[in-house]
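Student: First, the structure itself, so that you have it in front of you.
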Amino acid sequence: MKASRTLAIARKSLGQIGNDRRTLAVIVMMPLVLILVFGYGFGGQPSHIATAYVNADQGPEGAALLAHLPSGTLDLSRVATPGSAYDAVHSGEDWAAIVIPANFSAHLLAGNATLTVYVDATSPTVQQAVMGAVESAIQGLFSKGAIRAPVVLSPSFVYGSGNETYIDTLAPGIMALVGTFATTMLAILVLVRERPLGLLERLLATPLRPSEFVAGHALSLTVVAAVQSVVLLVAAVLIFQASFAGNLALGFLILMLFALGNIGLGMLISSVSRSEFQAVQMIPFIIFPQLLFSGALFPIDSIPVAFRPISDVLPLTYAGDALHSVLLRGWGAGGVLWDLVILVVYSALTLGAATVLVRRQA
């Protein structure tokens, strides 16, 4: 090995990188973006959990209990009746609801107080945080001598049983996440692999329309995505023995709709990239924010409040939420209608934008 030739190759490689402004920007920005994403997004303690409450107590201890709830853990909203509290959890508006019954103060003195907490148990992390906050409030009353008798804490699981395994609750998010990786990566390679060979220019020199070009590739990749979706569902049920309460067919349709949007996104990225290297550079910026801020791997309530608006613009947030609600809560299409609308819009925008850019290249 001759040092001069090795250095010459190194200079040539660095020169190519230095002449590519996008590559230089990625080299500088990627470490910063990734450390911020992982630092702020990776599974902290849930906070500001949406929680309804009913305080029907005529005495002072019901209000005292609420006052002892740990600050920042629960975001409380008052409702009128226990039925309304249950509905708030059943509709997905809140993760939990605390019901303080009438004569709670009197029952404490008599030693037979009961406190009901409605909980959505499809997220064990959130469930544990809610129950921990309520138990902490009870202990706070004990420590200050406000009560002289124990409180029977009665959790009522609106969804789930409280005994779900880790894979049960994580499977929907993992399936959506794997779908993001697989379909986006495949679609990214569509145009960048054809451009160096001149295939794109030749195809567009024929009567073939850009919309037909995009639709044809989208159709082929949709078939691939269908196979992947079936594999994901079968693996979750048969290999990992995930227990799903909802309709697997509807779950499959959600995965397919999400895949269509990812196909459009991948083709959009490939259409603005001059090489496979440039296209691959974009992958971390697509994958990692969705990995950590979408709620696919852990609840959005675990993300710092300042970063939660990021979740609102991530397609994986809506795909994961739809799969979570359908497969774990047993909801139908009507219950996840808003998520489905977002996914339809996502697919239309990405495929439409890819078609426009291909037309400009023509």
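All residue names refer to the structure tokens as shown: chains lettered A, B, ... in order, residues numbered from 1 in each chain, ligands numbered from 1 in order.
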Can you list, as a list in words, every protein, DNA or RNA residue that comes within 9 Å of Leu297 (chain A) when you count only C-alpha atoms, leaving out same-chain residues fewer than 3 positions away?

Tutor: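 Once the nearby chain positions are removed, what remains is Gly43, Leu170, Ala171, Gly173, Ile174, Leu177, Leu291, Leu292, Phe293 and Ser294 of chain A.
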
Student: Using only C-alpha atoms, which residues sit within 9 Å of region 157-163 of chain A once same-chain residues fewer than 6 positions away are excluded, as a count of residues only?

Tutor: 17

Student: Using only C-alpha atoms, tabulate the residues of region 104-125 of chain A lying at most 12 Å from any atom of region 64-78 of chain A, each with its closest atom pair and that distance in Å to one decimal, by chain and increasing residue number, as JSON lines.

Tutor:
```
{"residue": "A:Phe104", "atom": "CA", "partner": "A:Leu65", "partner_atom": "CA", "distance": 10.4}
{"residue": "A:Ser105", "atom": "CA", "partner": "A:Ala64", "partner_atom": "CA", "distance": 10.0}
{"residue": "A:Leu108", "atom": "CA", "partner": "A:Leu65", "partner_atom": "CA", "distance": 11.7}
{"residue": "A:Leu115", "atom": "CA", "partner": "A:Leu65", "partner_atom": "CA", "distance": 10.4}
```

Student: Find the distance between CA of Pro304 (chain A) and CA of Trp338 (chain A) and write it in Å to one decimal.

Tutor: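 Taking CA of Pro304 (chain A) and CA of Trp338 (chain A), their separation equals 24.4 Å.
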
Student: Could you check how far CA of Ile263 (chain A) sits from CA of Ala215 (chain A), in Å to one decimal?

Tutor: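 About the pair CA of Ile263 (chain A) and CA of Ala215 (chain A): they are 10.4 Å apart.
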
Student: Find, counting only C-alpha atoms, the residue in A:Leu255, A:Ala110, A:Ser271, A:Ser91 that gets nearest to Gly334 (chain A).

Tutor: A:Ser91

Student: Find the residues around region 345-361 of chain A up to 9 Å (only C-alpha atoms counted), leave out those fewer than 6 positions away in its own chain, and share them as a list in words.

Tutor: Glu201, Leu204, Arg209, Pro210, Ser211, Glu212, Phe213, Val214, Ala215, Ala218, Leu257, Phe258, Ala259, Leu260, Gly261, Asn262, Ile263, Gly264, Leu265, Gly266, Met267, Leu268, Ile269, Ser270, Ser271, Val272 and Pro315 of chain A

Student: Identify which of the residues A:Ile188, A:Ala236, A:Val152, A:Ala102 lies closest to Thr114 (chain A), counting only C-alpha atoms when measuring atom-to-atom distances.

Tutor: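 Using only C-alpha atoms, the shortest distance to Thr114 (chain A) belongs to A:Val152.
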
Student: For the atom pair CA of Gln281 (chain A) and CA of Ala225 (chain A), what is the interatomic distance in Å to one decimal place?

Tutor: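 So the two atoms, CA of Gln281 (chain A) and CA of Ala225 (chain A), lie 22.9 Å apart.
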
Student: Which residue out of A:Ile167, A:Leu141, A:Ala85, A:Leu323 has the minimum interatomic distance to Phe240 (chain A) when only C-alpha atoms are used?

Tutor: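 Among A:Ile167, A:Leu141, A:Ala85, A:Leu323, it is A:Ile167 that comes nearest to Phe240 (chain A).
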
Student: DSSP says strand (DSSP E) for which residues of region 51-142 of chain A? Put them as number ranges by chain?

Tutor: A: 51-55, 74-78, 96-100, 113-120

Student: May I have the selected residues written with C-alpha atoms, as a compact mmCIF listing (two decimals), in the first residue's frame?

Tutor:
```txt
# COMPACT_ATOMS: atom_id res chain seq x y z
CA THR A 51 -57.64 12.72 33.27
CA ALA A 52 -61.28 13.43 34.09
CA TYR A 53 -62.59 13.57 37.65
CA VAL A 54 -65.84 13.66 39.59
CA ASN A 55 -65.93 14.99 43.14
CA LEU A 74 -52.23 14.52 35.50
CA ASP A 75 -54.12 17.19 33.57
CA LEU A 76 -57.47 17.21 35.34
CA SER A 77 -60.79 18.18 33.81
CA ARG A 78 -64.00 18.09 35.83
CA ALA A 96 -58.25 7.88 33.06
CA ALA A 97 -61.01 9.22 35.29
CA ILE A 98 -61.08 9.55 39.09
CA VAL A 99 -64.49 9.17 40.76
CA ILE A 100 -64.76 10.47 44.33
CA ALA A 113 -63.93 4.48 51.81
CA THR A 114 -63.64 3.38 48.19
CA LEU A 115 -62.15 5.35 45.32
CA THR A 116 -62.86 4.28 41.73
CA VAL A 117 -60.43 5.01 38.92
CA TYR A 118 -61.42 4.27 35.32
CA VAL A 119 -58.31 3.49 33.31
CA ASP A 120 -57.41 2.77 29.70
```
